[in-house]
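Visitor: My structure is below; once you've seen it, I'll send some questions.
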Amino acid sequence: MARAAVGGAPAPDRVRLLGLDPGLRHTGWGVVDVSGSRLSHVADGTVSSDERRPLAERLVELYRGLVAVIEEFAPGEAAVEETFVNKNPASTLKLGVARGIALLAPAERGMAVHEYSANLIKKSVVGAGHADKAQVEMMVRRLLPGSLPARSDAADALAVAICHAHHRATQRAWMQPAAAIGRRAPAGTRP
């Protein structure tokens, strides 16, 4: 299930992010540490369900597998790829329930969960919103030296984590000026 480079929680000045690529057969997961603008690979893998079992049991398998990943690597935040609508409504619905599990597992553990579209993830990692899987995997390996995801689901999950790291940094940069404004003394008062 897990392929790890480093276990345990990150140093206090870092944040650990969990990226999830939901799927009913295989849900990819990837864990990265972020320190400033530096990203480092921690672990990646997939949680799989047995397609011979009823849907409810498959969802339990995914949930328990994701909880085990969260407990092992102790991420501080999670990011999940949004569901795209395809031509087969039944497939879209099944992907949607698997995505629900991917949202539930970290949220239930008190983590902030962020969602990103597939195009935004690809654009953040590759620079093009319609990049193919091979391009995404190549850039993941380039951005996270030492990562060798065995499955495309795991590479996609690492891409979700990378996307969140980039957008998280931008969000924090925007928040700093707003926080500074909030610390200013109100008009008409003296310091």
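Labeling convention for the structure tokens: chains A, B, ... as they appear, residues from 1 per chain, ligands from 1 in order of appearance.
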Within 7 Å of Gly129 of chain A, counting only C-alpha atoms, which residues show up once you throw out same-chain ones fewer than 3 positions away? Write them as a list in words, please.
Guide: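 Neighbouring residues, sequence-local ones excluded: Asn119, Leu120, Lys122 and Lys123 of chain A.
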Visitor: Keeping C-alpha atoms, export the residues of the selection given above as an mmCIF file, in the first residue's frame.
Guide:
data_model
loop_
_atom_site.group_PDB
_atom_site.id
_atom_site.type_symbol
_atom_site.label_atom_id
_atom_site.label_comp_id
_atom_site.auth_asym_id
_atom_site.auth_seq_id
_atom_site.Cartn_x
_atom_site.Cartn_y
_atom_site.Cartn_z
ATOM 1 C CA ASN A 119 -7.185 21.430 -15.460
ATOM 2 C CA LEU A 120 -5.885 23.655 -12.651
ATOM 3 C CA LYS A 122 -2.243 20.146 -14.700
ATOM 4 C CA LYS A 123 -1.655 23.852 -15.294
#
Visitor: Taking only chain A into account, list the residues labelled alpha helix (DSSP H) by DSSP (computed from the backbone), as an NGL selection string.
Guide: :A and (55-73 or 89-108 or 118-125 or 133-143 or 152-183)
Visitor: Per DSSP on the backbone, filter segment 12-125 of chain A down to the residues in strand (DSSP E or B) and report them as a ChimeraX atom specification.
Guide: /A:15-21,26-35,38-48,77-81,112-116
Visitor: Tell me, in Å to one decimal, how far atom CA of Leu39 of chain A is from atom CA of Arg64 of chain A.
Guide: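 That distance, rounded to one decimal, is 27.3 Å.
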Visitor: With only C-alpha atoms as the atoms that count, which of A:Leu55, A:Ala98, A:Ala105, A:Ala118 lies nearest to Ala157 of chain A?
Guide: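 Selected residue with least distance to Ala157 of chain A: A:Ala118.
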Visitor: Which residues, written as an MDAnalysis selection string, have at least one atom at most 12 Å from Ala165 of chain A, with only C-alpha atoms counted and residues fewer than 2 positions away on the same chain left out?
Guide: chainID A and resid 14:19 31:40 76:79 114 116 121 124:125 143 158:163 167:172
